[in-house]
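One file, target.csv, is given below (CSV, C-alpha atoms).
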chain,number,residue,atom,x,y,z
A,90,MET,CA,16.2,-20.7,16.6
A,91,SER,CA,18.7,-20.3,13.7
A,92,VAL,CA,18.0,-17.5,11.4
A,93,LYS,CA,19.5,-16.2,8.2
A,94,LYS,CA,22.3,-13.7,8.5
A,95,TYR,CA,23.1,-10.7,6.2
A,96,TYR,CA,26.4,-9.0,6.0
A,97,LEU,CA,26.4,-5.2,5.6
A,98,ASP,CA,29.1,-2.6,6.3
A,99,GLY,CA,31.3,-5.0,8.2
A,100,ARG,CA,28.5,-6.3,10.5
A,101,PHE,CA,25.6,-8.7,10.4
A,102,ILE,CA,21.9,-8.7,10.8
A,103,GLY,CA,20.7,-11.9,12.3
A,104,ASP,CA,23.8,-13.0,14.2
A,105,GLY,CA,22.4,-12.0,17.6
A,106,SER,CA,23.7,-8.4,17.5
A,107,LEU,CA,21.5,-5.4,17.3
A,108,ALA,CA,21.3,-3.4,14.0
A,109,VAL,CA,19.7,0.0,13.6
A,110,ILE,CA,17.5,1.3,10.8
A,111,ALA,CA,16.9,5.0,11.1
A,112,GLY,CA,16.4,8.2,9.3
A,113,PRO,CA,13.8,10.8,8.4
A,114,CYS,CA,10.4,9.7,7.2
A,115,SER,CA,11.0,11.3,3.8
A,116,LEU,CA,13.8,12.9,1.9
A,117,GLU,CA,12.9,16.6,2.6
A,118,SER,CA,16.3,18.0,1.5
A,119,PRO,CA,19.8,16.7,0.7
A,120,GLU,CA,21.2,18.8,3.6
A,121,LEU,CA,18.8,17.4,6.2
A,122,ALA,CA,19.3,13.8,5.1
A,123,LEU,CA,23.1,14.1,5.3
A,124,ARG,CA,22.9,15.7,8.7
A,125,ILE,CA,20.7,12.9,10.1
A,126,ALA,CA,22.8,10.1,8.4
A,127,ARG,CA,26.0,11.5,9.8
A,128,SER,CA,24.6,11.9,13.3
A,129,MET,CA,23.2,8.4,13.3
A,130,LYS,CA,26.3,6.9,11.9
A,131,ARG,CA,28.3,8.5,14.7
A,132,LEU,CA,25.9,7.3,17.4
A,133,CYS,CA,25.9,3.7,16.1
A,134,ASP,CA,29.7,3.6,15.6
A,135,GLU,CA,30.1,4.7,19.2
A,136,ARG,CA,28.0,1.7,20.2
A,137,ASN,CA,29.4,-0.8,17.7
A,138,LEU,CA,26.0,-1.1,16.0
A,139,LEU,CA,25.3,-1.7,12.3
A,140,TYR,CA,23.6,1.4,11.0
A,141,ILE,CA,21.3,1.5,7.9
A,142,PHE,CA,20.1,4.9,6.7
A,143,LYS,CA,16.3,5.0,5.9
A,144,ALA,CA,14.3,7.6,4.1
A,145,SER,CA,11.5,7.5,1.5
A,146,PHE,CA,11.7,9.2,-1.9
A,147,ASP,CA,7.9,9.0,-2.3
A,148,LYS,CA,5.3,8.8,0.5
A,149,ALA,CA,2.6,7.3,-1.7
A,150,ASN,CA,0.2,6.3,1.2
A,151,ARG,CA,-0.6,9.7,2.6
A,152,THR,CA,-3.8,10.5,4.3
A,153,SER,CA,-4.5,13.5,2.1
A,154,VAL,CA,-3.9,14.1,-1.6
A,155,HIS,CA,-2.4,17.4,-0.7
A,156,ALA,CA,0.2,15.9,1.7
A,157,TRP,CA,4.0,16.1,1.1
A,158,ARG,CA,5.2,13.0,-0.7
A,159,GLY,CA,8.9,13.5,-1.4
A,160,PRO,CA,11.3,14.4,-4.2
A,161,GLY,CA,10.3,11.5,-6.4
A,162,LEU,CA,12.2,8.5,-7.8
A,163,GLU,CA,15.0,10.2,-9.8
A,164,LYS,CA,16.0,12.9,-7.4
A,165,GLY,CA,15.4,10.6,-4.4
A,166,LEU,CA,17.8,8.0,-5.7
A,167,GLU,CA,20.4,10.7,-6.4
A,168,GLN,CA,20.2,11.7,-2.7
A,169,LEU,CA,20.3,8.1,-1.5
A,170,ALA,CA,23.4,7.4,-3.6
A,171,GLU,CA,25.1,10.5,-2.3
A,172,ILE,CA,24.4,9.5,1.3
A,173,LYS,CA,25.7,6.0,0.7
A,174,SER,CA,28.9,7.4,-0.8
A,175,MET,CA,29.5,10.4,1.5
A,176,VAL,CA,28.6,8.8,4.8
A,177,ASN,CA,29.6,5.3,3.9
A,178,VAL,CA,26.5,3.6,5.1
A,179,PRO,CA,24.0,1.1,3.6
A,180,VAL,CA,20.8,2.6,2.6
A,181,LEU,CA,17.1,1.5,2.6
A,182,THR,CA,14.1,2.9,0.9
A,183,ASP,CA,10.6,1.7,0.1
A,184,ILE,CA,8.9,1.1,-3.2
A,185,HIS,CA,5.2,1.3,-4.0
A,186,GLU,CA,5.0,0.2,-7.6
A,187,SER,CA,6.7,-2.6,-9.5
A,188,PHE,CA,8.5,-0.4,-12.0
A,189,GLN,CA,10.4,1.3,-9.1
A,190,ALA,CA,12.1,-2.0,-8.1
A,191,ALA,CA,14.8,-2.2,-10.7
A,192,PRO,CA,16.2,1.4,-10.5
A,193,VAL,CA,15.9,1.4,-6.7
A,194,GLY,CA,17.8,-2.0,-6.6
A,195,GLU,CA,20.7,-0.4,-8.5
A,196,VAL,CA,21.2,2.1,-5.6
A,197,VAL,CA,20.0,0.7,-2.3
A,198,ASP,CA,21.1,-2.2,-0.1
A,199,VAL,CA,17.7,-3.0,1.3
A,200,ILE,CA,14.3,-2.6,-0.4
A,201,GLN,CA,11.4,-2.1,1.9
A,202,ILE,CA,7.9,-3.3,1.1
A,203,PRO,CA,5.3,-1.0,2.9
A,204,ALA,CA,2.9,-2.7,5.3
A,205,PHE,CA,-0.2,-2.0,3.3
A,206,LEU,CA,1.5,-3.6,0.2
A,207,CYS,CA,3.0,-6.7,1.7
A,208,ARG,CA,0.4,-8.9,-0.1
A,209,GLN,CA,1.0,-7.3,-3.5
A,210,THR,CA,2.4,-10.2,-5.5
A,211,ASP,CA,3.8,-8.2,-8.4
A,212,LEU,CA,5.6,-5.8,-6.1
A,213,LEU,CA,7.2,-8.6,-4.1
A,214,VAL,CA,8.3,-10.4,-7.2
A,215,ALA,CA,9.8,-7.3,-8.7
A,216,ALA,CA,11.7,-6.5,-5.5
A,217,ALA,CA,12.9,-10.1,-5.3
A,218,LYS,CA,14.3,-10.0,-8.8
A,219,THR,CA,16.7,-7.2,-7.8
A,220,GLY,CA,18.6,-9.6,-5.6
A,221,ARG,CA,18.6,-7.1,-2.7
A,222,ILE,CA,17.7,-7.8,0.9
A,223,ILE,CA,13.9,-7.2,1.2
A,224,ASN,CA,12.5,-5.8,4.4
A,225,ILE,CA,8.8,-6.8,4.4
A,226,LYS,CA,6.6,-4.9,6.8
A,227,LYS,CA,3.7,-6.8,8.3
A,228,ALA,CA,0.4,-5.2,7.4
A,229,GLN,CA,-1.6,-3.7,10.1
A,230,PHE,CA,-4.4,-6.1,9.3
A,231,LEU,CA,-2.3,-9.3,8.9
A,232,ALA,CA,-1.6,-12.1,11.3
A,233,PRO,CA,2.2,-12.7,11.9
A,234,ASP,CA,1.7,-16.3,10.7
A,235,ASP,CA,0.6,-15.1,7.3
A,236,MET,CA,3.9,-13.4,6.6
A,237,ILE,CA,5.3,-16.7,5.5
A,238,TYR,CA,3.3,-16.4,2.3
A,239,ALA,CA,4.9,-13.0,1.5
A,240,ALA,CA,8.3,-14.6,2.0
A,241,ALA,CA,7.3,-17.5,-0.3
A,242,LYS,CA,6.5,-15.1,-3.1
A,243,CYS,CA,10.1,-13.7,-2.9
A,244,ARG,CA,11.7,-17.0,-2.4
A,245,GLU,CA,10.0,-18.6,-5.3
A,246,SER,CA,11.0,-15.6,-7.4
A,247,GLY,CA,14.7,-16.5,-6.7
A,248,ASN,CA,15.4,-14.4,-3.6
A,249,ASP,CA,15.4,-15.6,0.0
A,250,ASN,CA,17.2,-12.6,1.4
A,251,ILE,CA,14.2,-11.5,3.6
A,252,ILE,CA,13.7,-9.6,6.8
A,253,PHE,CA,10.3,-9.3,8.6
A,254,CYS,CA,9.3,-6.0,10.2
A,255,GLU,CA,6.6,-5.5,12.9
A,256,ARG,CA,4.9,-2.1,13.0
A,257,GLY,CA,1.7,-2.7,15.0
A,258,THR,CA,-1.8,-4.0,14.3
A,259,PHE,CA,-5.1,-2.1,14.0
A,260,MET,CA,-7.2,-2.1,17.1
A,261,GLY,CA,-10.2,0.0,16.3
A,262,TYR,CA,-10.1,3.4,14.7
A,263,HIS,CA,-6.8,5.5,14.8
A,264,LYS,CA,-5.2,3.0,17.1
A,265,LEU,CA,-2.4,0.5,16.8
A,266,VAL,CA,-1.3,-2.1,19.3
A,267,VAL,CA,1.8,-4.4,19.2
A,268,ASP,CA,1.5,-8.1,19.7
A,269,MET,CA,5.0,-8.9,20.9
A,270,THR,CA,4.5,-12.6,20.4
A,271,GLY,CA,4.4,-11.9,16.6
A,272,LEU,CA,8.1,-11.1,16.7
A,273,ILE,CA,8.7,-14.6,18.0
A,274,THR,CA,6.3,-16.1,15.4
A,275,MET,CA,8.0,-14.4,12.5
A,276,ARG,CA,11.6,-15.1,13.7
A,277,ASN,CA,10.7,-18.8,14.0
A,278,PHE,CA,10.3,-18.8,10.2
A,279,GLY,CA,14.1,-18.4,10.0
A,280,TYR,CA,14.4,-14.8,9.1
A,281,PRO,CA,15.6,-11.8,11.1
A,282,VAL,CA,13.0,-9.6,12.6
A,283,VAL,CA,12.9,-5.8,12.9
A,284,PHE,CA,10.7,-3.8,15.3
A,285,ASP,CA,9.5,-0.5,13.9
A,286,ALA,CA,9.3,1.5,17.1
A,287,THR,CA,8.0,4.8,15.8
A,288,HIS,CA,5.3,3.7,13.3
A,289,SER,CA,4.0,1.5,16.1
A,290,THR,CA,3.1,4.7,18.0
A,291,GLN,CA,1.3,6.2,15.0
A,292,GLN,CA,-2.4,7.1,14.9
A,293,PRO,CA,-3.3,6.7,11.2
A,294,GLY,CA,-5.4,9.6,10.1
A,295,GLY,CA,-5.9,10.6,13.7
A,296,LEU,CA,-5.4,14.3,13.2
A,297,GLY,CA,-8.0,14.7,10.5
A,298,GLY,CA,-6.3,14.8,7.1
A,299,MET,CA,-3.0,13.6,8.6
A,300,SER,CA,-1.7,11.0,11.0
A,301,GLY,CA,-0.9,11.6,14.6
A,302,GLY,CA,1.2,9.7,17.1
A,303,ASN,CA,3.3,9.9,20.3
A,304,TYR,CA,7.0,9.3,19.8
A,305,ARG,CA,7.5,9.0,23.6
A,306,LEU,CA,5.8,5.6,23.5
A,307,ALA,CA,8.5,4.3,21.1
A,308,PHE,CA,10.9,4.1,24.0
A,309,PRO,CA,9.0,1.5,26.2
A,310,LEU,CA,7.8,-0.3,23.1
A,311,ALA,CA,11.3,-0.7,21.7
A,312,ARG,CA,12.6,-1.9,25.1
A,313,ALA,CA,9.8,-4.5,25.2
A,314,ALA,CA,10.6,-5.7,21.7
A,315,ALA,CA,14.3,-6.0,22.6
A,316,GLY,CA,13.3,-8.1,25.6
A,317,VAL,CA,11.3,-10.4,23.4
A,318,GLY,CA,14.2,-10.7,20.9
A,319,ILE,CA,14.8,-8.6,17.8
A,320,ASP,CA,17.6,-8.4,15.2
A,321,ALA,CA,17.2,-4.7,14.4
A,322,VAL,CA,15.3,-1.7,15.7
A,323,PHE,CA,13.7,0.8,13.2
A,324,ALA,CA,13.1,4.4,14.2
A,325,GLU,CA,12.3,7.5,12.2
A,326,THR,CA,14.1,10.7,13.5
A,327,HIS,CA,14.3,14.4,12.7
A,328,PRO,CA,16.1,17.4,14.3
A,329,ASN,CA,12.7,19.1,14.7
A,330,PRO,CA,9.8,16.7,14.3
A,331,LYS,CA,7.3,19.6,14.7
A,332,GLU,CA,8.6,21.0,11.4
A,333,ALA,CA,8.8,17.7,9.6
A,334,LEU,CA,6.9,17.4,6.3
A,335,SER,CA,5.6,13.9,7.1
A,336,ASP,CA,5.1,11.7,10.2
A,337,GLY,CA,6.3,14.4,12.6
A,338,PRO,CA,4.3,13.3,15.7
A,339,ASN,CA,5.8,9.8,15.8
A,340,MET,CA,9.4,10.7,14.9
A,341,ILE,CA,12.0,10.8,17.7
A,342,PRO,CA,13.9,14.1,18.0
A,343,LEU,CA,17.5,13.5,16.7
A,344,ASN,CA,19.0,14.7,20.0
A,345,MET,CA,17.2,11.9,21.9
A,346,MET,CA,18.4,9.1,19.7
A,347,GLY,CA,21.5,8.4,21.7
A,348,LYS,CA,19.3,7.8,24.8
A,349,PHE,CA,16.9,5.7,22.7
A,350,LEU,CA,19.7,3.4,21.5
A,351,ASP,CA,21.2,3.0,24.9
A,352,GLU,CA,17.9,1.9,26.4
A,353,VAL,CA,17.2,-0.6,23.6
A,354,LEU,CA,20.8,-1.9,23.6
A,355,ALA,CA,20.8,-2.4,27.3
A,356,VAL,CA,17.7,-4.6,27.2
A,357,HIS,CA,18.9,-6.4,24.1
A,358,ASN,CA,22.2,-7.4,25.7
A,359,VAL,CA,20.4,-9.0,28.7
A,360,ALA,CA,17.7,-10.7,26.6
A,361,HIS,CA,20.4,-12.1,24.2
A,362,LYS,CA,22.0,-13.8,27.1
A,363,PHE,CA,18.8,-15.6,28.0
A,364,ARG,CA,18.1,-16.4,24.4
A,365,ASP,CA,21.5,-18.1,24.1
A,366,GLU,CA,20.7,-20.1,27.3
A,367,ASP,CA,17.4,-21.2,25.8
A,368,ASN,CA,19.1,-22.3,22.6
A,369,GLU,CA,21.6,-24.4,24.6
A,370,GLU,CA,18.7,-26.1,26.5
A,371,GLU,CA,16.9,-26.9,23.2
A,372,LYS,CA,20.1,-28.6,21.9
A,373,ALA,CA,20.5,-30.6,25.0
Would you give me this structure, written as structure tokens?
Amino acid sequence: MSVKKYYLDGRFIGDGSLAVIAGPCSLESPELALRIARSMKRLCDERNLLYIFKASFDKANRTSVHAWRGPGLEKGLEQLAEIKSMVNVPVLTDIHESFQAAPVGEVVDVIQIPAFLCRQTDLLVAAAKTGRIINIKKAQFLAPDDMIYAAAKCRESGNDNIIFCERGTFMGYHKLVVDMTGLITMRNFGYPVVFDATHSTQQPGGLGGMSGGNYRLAFPLARAAAGVGIDAVFAETHPNPKEALSDGPNMIPLNMMGKFLDEVLAVHNVAHKFRDEDNEEEKA
């Protein structure tokens, strides 16, 4: 299946290679963000992988009103611009309200639409109008087939630079499951697909006032997704997840990210060989 390709930092998403989207859940401090960005850039360069730094300036969908949200739009964009300049990497962040799209689009390379908001028409239209690549996360309640309508809202607003992201589906209370066939469904629409390995292990609201999770499950889930066929893997990481201000239980410790990338890349390389063979058979 032929999909769109996007060129960033000398490499592509969608050309059959594996890209990496990673960073802390939120921008806790400029020093921490730079540390993670530099570490991930080095790990990805060593493996010849496109790296995109990810962090949120505002975690607007917290379980509790008292939870940490981030530095806010203005300071957050300053940090993201600094990371982009100092580490020389593309950057990604999410928006929650339409007015954020334009200023965010002036700084970042990829705008992310949070899963809970992927049906919000005004938000999608505003993001599309920036001309940036848009990473649309599939809602936990949405069928993979229905993501085509989210893409149509962007496309009909003048922007067809779209990526789809899988992050699990609700299965009862505090439980997410991943339907790996959804990756195939969404990629067959002609757009690159990303697997969000760490949020797929999340237990929304599972710790009473905050979300739980199990980052160890991100390793086998990411390997499985790579076997099915993905264009990028998404993982949140932190030097000490237990001290993280948000999403600590499902973030991979930074010192384990090299192992994580090696495992995913090994499966991806084998799976890509079979995908090429399948494509040749279809042409024949």
Fill in: Within 9 Å of range 253-265 of chain A using all atoms listed in the file, minus same-chain residues under 4 positions, as a PyMOL selection string
chain A and resi 204+223-233+236+240+269+271-272+275-276+280-295+300-301+323
Discussion item. Within 12 Å of (17.5, -3.1, 15.1) in the file's own coordinates, which protein, DNA or RNA residues have an atom, counting all atoms listed in the file? List them as a VMD selection string.
Written reply: chain A and resid 101 to 111 133 138 to 142 252 to 255 281 to 286 311 to 312 314 to 315 318 to 324 349 to 350 353 to 354 357
For the residues in the current selection, export C-alpha atoms as an mmCIF file, in the coordinates of the input.
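Result file again28.cif:
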data_model
loop_
_atom_site.group_PDB
_atom_site.id
_atom_site.type_symbol
_atom_site.label_atom_id
_atom_site.label_comp_id
_atom_site.auth_asym_id
_atom_site.auth_seq_id
_atom_site.Cartn_x
_atom_site.Cartn_y
_atom_site.Cartn_z
ATOM 1 C CA PHE A 101 25.600 -8.700 10.400
ATOM 2 C CA ILE A 102 21.900 -8.700 10.800
ATOM 3 C CA GLY A 103 20.700 -11.900 12.300
ATOM 4 C CA ASP A 104 23.800 -13.000 14.200
ATOM 5 C CA GLY A 105 22.400 -12.000 17.600
ATOM 6 C CA SER A 106 23.700 -8.400 17.500
ATOM 7 C CA LEU A 107 21.500 -5.400 17.300
ATOM 8 C CA ALA A 108 21.300 -3.400 14.000
ATOM 9 C CA VAL A 109 19.700 0.000 13.600
ATOM 10 C CA ILE A 110 17.500 1.300 10.800
ATOM 11 C CA ALA A 111 16.900 5.000 11.100
ATOM 12 C CA CYS A 133 25.900 3.700 16.100
ATOM 13 C CA LEU A 138 26.000 -1.100 16.000
ATOM 14 C CA LEU A 139 25.300 -1.700 12.300
ATOM 15 C CA TYR A 140 23.600 1.400 11.000
ATOM 16 C CA ILE A 141 21.300 1.500 7.900
ATOM 17 C CA PHE A 142 20.100 4.900 6.700
ATOM 18 C CA ILE A 252 13.700 -9.600 6.800
ATOM 19 C CA PHE A 253 10.300 -9.300 8.600
ATOM 20 C CA CYS A 254 9.300 -6.000 10.200
ATOM 21 C CA GLU A 255 6.600 -5.500 12.900
ATOM 22 C CA PRO A 281 15.600 -11.800 11.100
ATOM 23 C CA VAL A 282 13.000 -9.600 12.600
ATOM 24 C CA VAL A 283 12.900 -5.800 12.900
ATOM 25 C CA PHE A 284 10.700 -3.800 15.300
ATOM 26 C CA ASP A 285 9.500 -0.500 13.900
ATOM 27 C CA ALA A 286 9.300 1.500 17.100
ATOM 28 C CA ALA A 311 11.300 -0.700 21.700
ATOM 29 C CA ARG A 312 12.600 -1.900 25.100
ATOM 30 C CA ALA A 314 10.600 -5.700 21.700
ATOM 31 C CA ALA A 315 14.300 -6.000 22.600
ATOM 32 C CA GLY A 318 14.200 -10.700 20.900
ATOM 33 C CA ILE A 319 14.800 -8.600 17.800
ATOM 34 C CA ASP A 320 17.600 -8.400 15.200
ATOM 35 C CA ALA A 321 17.200 -4.700 14.400
ATOM 36 C CA VAL A 322 15.300 -1.700 15.700
ATOM 37 C CA PHE A 323 13.700 0.800 13.200
ATOM 38 C CA ALA A 324 13.100 4.400 14.200
ATOM 39 C CA PHE A 349 16.900 5.700 22.700
ATOM 40 C CA LEU A 350 19.700 3.400 21.500
ATOM 41 C CA VAL A 353 17.200 -0.600 23.600
ATOM 42 C CA LEU A 354 20.800 -1.900 23.600
ATOM 43 C CA HIS A 357 18.900 -6.400 24.100
#
Discussion item. Taking 6 positions as the minimum chain separation for residues in the same chain, which residues sit within 10 Å of Lys173 in chain A when counting all atoms listed in the file? Answer as a list in words.
Written reply: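 The residues that qualify are Leu123, Ala126, Ile141, Phe142, Pro179, Val180, Leu181, Val196, Val197 and Asp198 of chain A.
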Would you export the selected residues with C-alpha atoms as a CSV table (one decimal), in the coordinates of the input, please?
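To be explicit, this is the file written out as result-v1.csv:
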chain,number,residue,atom,x,y,z
A,123,LEU,CA,23.1,14.1,5.3
A,126,ALA,CA,22.8,10.1,8.4
A,141,ILE,CA,21.3,1.5,7.9
A,142,PHE,CA,20.1,4.9,6.7
A,179,PRO,CA,24.0,1.1,3.6
A,180,VAL,CA,20.8,2.6,2.6
A,181,LEU,CA,17.1,1.5,2.6
A,196,VAL,CA,21.2,2.1,-5.6
A,197,VAL,CA,20.0,0.7,-2.3
A,198,ASP,CA,21.1,-2.2,-0.1
Practice prompt. Would you please work out which residue, of A:Lys218, A:Arg158, A:Lys130, A:Lys94, is nearest to Leu334 in chain A when using only C-alpha atoms?
Written response: A:Arg158
Worksheet entry | Separation of CA of Ser145 in chain A from CA of Pro160 in chain A in Å |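 CA of Ser145 in chain A lies at a distance of 9.0 Å from CA of Pro160 in chain A.
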Worksheet item: Using only C-alpha atoms, which residue out of A:Met175, A:Leu206, A:Cys114, A:Ala190 lies closest to Asn339 in chain A?
Response: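 Looking at the shortest contact to Asn339 in chain A, the residue is A:Cys114.
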Item to complete: For CA of Ile172 in chain A and CA of Arg127 in chain A, quote the distance in Å rounded to one decimal.
Response: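 Taking CA of Ile172 in chain A as the start and CA of Arg127 in chain A as the end point, the length is 8.9 Å.
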Practice prompt. Kindly extract all protein, DNA and RNA residues lying within 12 Å of the coordinates (13.9, -14.0, 28.2) given in the file, considering only C-alpha atoms, and supply them as a list in words.
Written response: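 Residues with an atom at most 12 Å from (13.9, -14.0, 28.2): Ile273, Ala313, Ala314, Ala315, Gly316, Val317, Gly318, Ile319, Val356, His357, Asn358, Val359, Ala360, His361, Lys362, Phe363, Arg364, Asp365, Glu366, Asp367 and Asn368 of chain A.
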Worksheet item: Mind pulling up the distance from CA of Glu117 in chain A to CA of Asn329 in chain A?
Response: 12.4 Å
Test item: residues at most 10 Å from Gly165 in chain A, all atoms listed in the file, excluding those fewer than 5 positions along its chain, as a PDB file with C-alpha atoms, in the frame of the given file:
ATOM      1  CA  SER A 115      11.000  11.300   3.800  1.00  0.00           C
ATOM      2  CA  LEU A 116      13.800  12.900   1.900  1.00  0.00           C
ATOM      3  CA  GLU A 117      12.900  16.600   2.600  1.00  0.00           C
ATOM      4  CA  SER A 118      16.300  18.000   1.500  1.00  0.00           C
ATOM      5  CA  PRO A 119      19.800  16.700   0.700  1.00  0.00           C
ATOM      6  CA  ALA A 144      14.300   7.600   4.100  1.00  0.00           C
ATOM      7  CA  SER A 145      11.500   7.500   1.500  1.00  0.00           C
ATOM      8  CA  PHE A 146      11.700   9.200  -1.900  1.00  0.00           C
ATOM      9  CA  ASP A 147       7.900   9.000  -2.300  1.00  0.00           C
ATOM     10  CA  GLY A 159       8.900  13.500  -1.400  1.00  0.00           C
ATOM     11  CA  PRO A 160      11.300  14.400  -4.200  1.00  0.00           C
ATOM     12  CA  ALA A 170      23.400   7.400  -3.600  1.00  0.00           C
ATOM     13  CA  GLU A 171      25.100  10.500  -2.300  1.00  0.00           C
ATOM     14  CA  THR A 182      14.100   2.900   0.900  1.00  0.00           C
ATOM     15  CA  VAL A 193      15.900   1.400  -6.700  1.00  0.00           C
TER      16      VAL A 193
END
Starting from the incomplete input, reconstruct all heavy atoms of range 281-288 of chain A and write that as an mmCIF file, in the frame of the given file.
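Final file, result-v2.cif:
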data_model
loop_
_atom_site.group_PDB
_atom_site.id
_atom_site.type_symbol
_atom_site.label_atom_id
_atom_site.label_comp_id
_atom_site.auth_asym_id
_atom_site.auth_seq_id
_atom_site.Cartn_x
_atom_site.Cartn_y
_atom_site.Cartn_z
ATOM 1 N N PRO A 281 15.487 -12.827 10.072
ATOM 2 C CA PRO A 281 15.600 -11.800 11.100
ATOM 3 C C PRO A 281 14.369 -10.942 11.198
ATOM 4 O O PRO A 281 13.625 -10.782 10.222
ATOM 5 C CB PRO A 281 16.807 -10.937 10.557
ATOM 6 C CG PRO A 281 17.522 -11.814 9.583
ATOM 7 C CD PRO A 281 16.478 -12.686 8.986
ATOM 8 N N VAL A 282 14.139 -10.407 12.403
ATOM 9 C CA VAL A 282 13.000 -9.600 12.600
ATOM 10 C C VAL A 282 13.413 -8.164 13.054
ATOM 11 O O VAL A 282 14.389 -7.998 13.788
ATOM 12 C CB VAL A 282 11.990 -10.135 13.639
ATOM 13 C CG1 VAL A 282 11.346 -11.405 13.112
ATOM 14 C CG2 VAL A 282 12.652 -10.389 14.983
ATOM 15 N N VAL A 283 12.667 -7.179 12.585
ATOM 16 C CA VAL A 283 12.900 -5.800 12.900
ATOM 17 C C VAL A 283 11.656 -5.267 13.649
ATOM 18 O O VAL A 283 10.525 -5.605 13.281
ATOM 19 C CB VAL A 283 13.100 -4.930 11.639
ATOM 20 C CG1 VAL A 283 13.296 -3.458 11.990
ATOM 21 C CG2 VAL A 283 14.275 -5.451 10.834
ATOM 22 N N PHE A 284 11.864 -4.455 14.674
ATOM 23 C CA PHE A 284 10.700 -3.800 15.300
ATOM 24 C C PHE A 284 10.735 -2.326 14.929
ATOM 25 O O PHE A 284 11.694 -1.602 15.192
ATOM 26 C CB PHE A 284 10.784 -3.919 16.834
ATOM 27 C CG PHE A 284 9.640 -3.202 17.497
ATOM 28 C CD1 PHE A 284 8.326 -3.595 17.253
ATOM 29 C CD2 PHE A 284 9.868 -2.124 18.338
ATOM 30 C CE1 PHE A 284 7.264 -2.925 17.836
ATOM 31 C CE2 PHE A 284 8.809 -1.454 18.936
ATOM 32 C CZ PHE A 284 7.501 -1.858 18.678
ATOM 33 N N ASP A 285 9.664 -1.882 14.297
ATOM 34 C CA ASP A 285 9.500 -0.500 13.900
ATOM 35 C C ASP A 285 8.861 0.253 15.094
ATOM 36 O O ASP A 285 7.647 0.240 15.304
ATOM 37 C CB ASP A 285 8.582 -0.401 12.681
ATOM 38 C CG ASP A 285 8.411 1.025 12.176
ATOM 39 O OD1 ASP A 285 8.699 1.969 12.935
ATOM 40 O OD2 ASP A 285 7.958 1.196 11.033
ATOM 41 N N ALA A 286 9.715 0.898 15.876
ATOM 42 C CA ALA A 286 9.300 1.500 17.100
ATOM 43 C C ALA A 286 8.409 2.740 16.930
ATOM 44 O O ALA A 286 7.471 2.973 17.692
ATOM 45 C CB ALA A 286 10.496 1.858 17.975
ATOM 46 N N THR A 287 8.720 3.539 15.915
ATOM 47 C CA THR A 287 8.000 4.800 15.800
ATOM 48 C C THR A 287 6.662 4.660 15.068
ATOM 49 O O THR A 287 5.676 5.261 15.485
ATOM 50 C CB THR A 287 8.884 5.859 15.078
ATOM 51 O OG1 THR A 287 9.464 5.303 13.887
ATOM 52 C CG2 THR A 287 10.006 6.314 15.999
ATOM 53 N N HIS A 288 6.601 3.863 14.003
ATOM 54 C CA HIS A 288 5.300 3.700 13.300
ATOM 55 C C HIS A 288 4.326 2.922 14.232
ATOM 56 O O HIS A 288 3.110 3.027 14.046
ATOM 57 C CB HIS A 288 5.480 2.964 12.002
ATOM 58 C CG HIS A 288 5.997 3.855 10.923
ATOM 59 N ND1 HIS A 288 7.279 3.760 10.443
ATOM 60 C CD2 HIS A 288 5.412 4.870 10.249
ATOM 61 C CE1 HIS A 288 7.463 4.678 9.516
ATOM 62 N NE2 HIS A 288 6.356 5.374 9.379
#
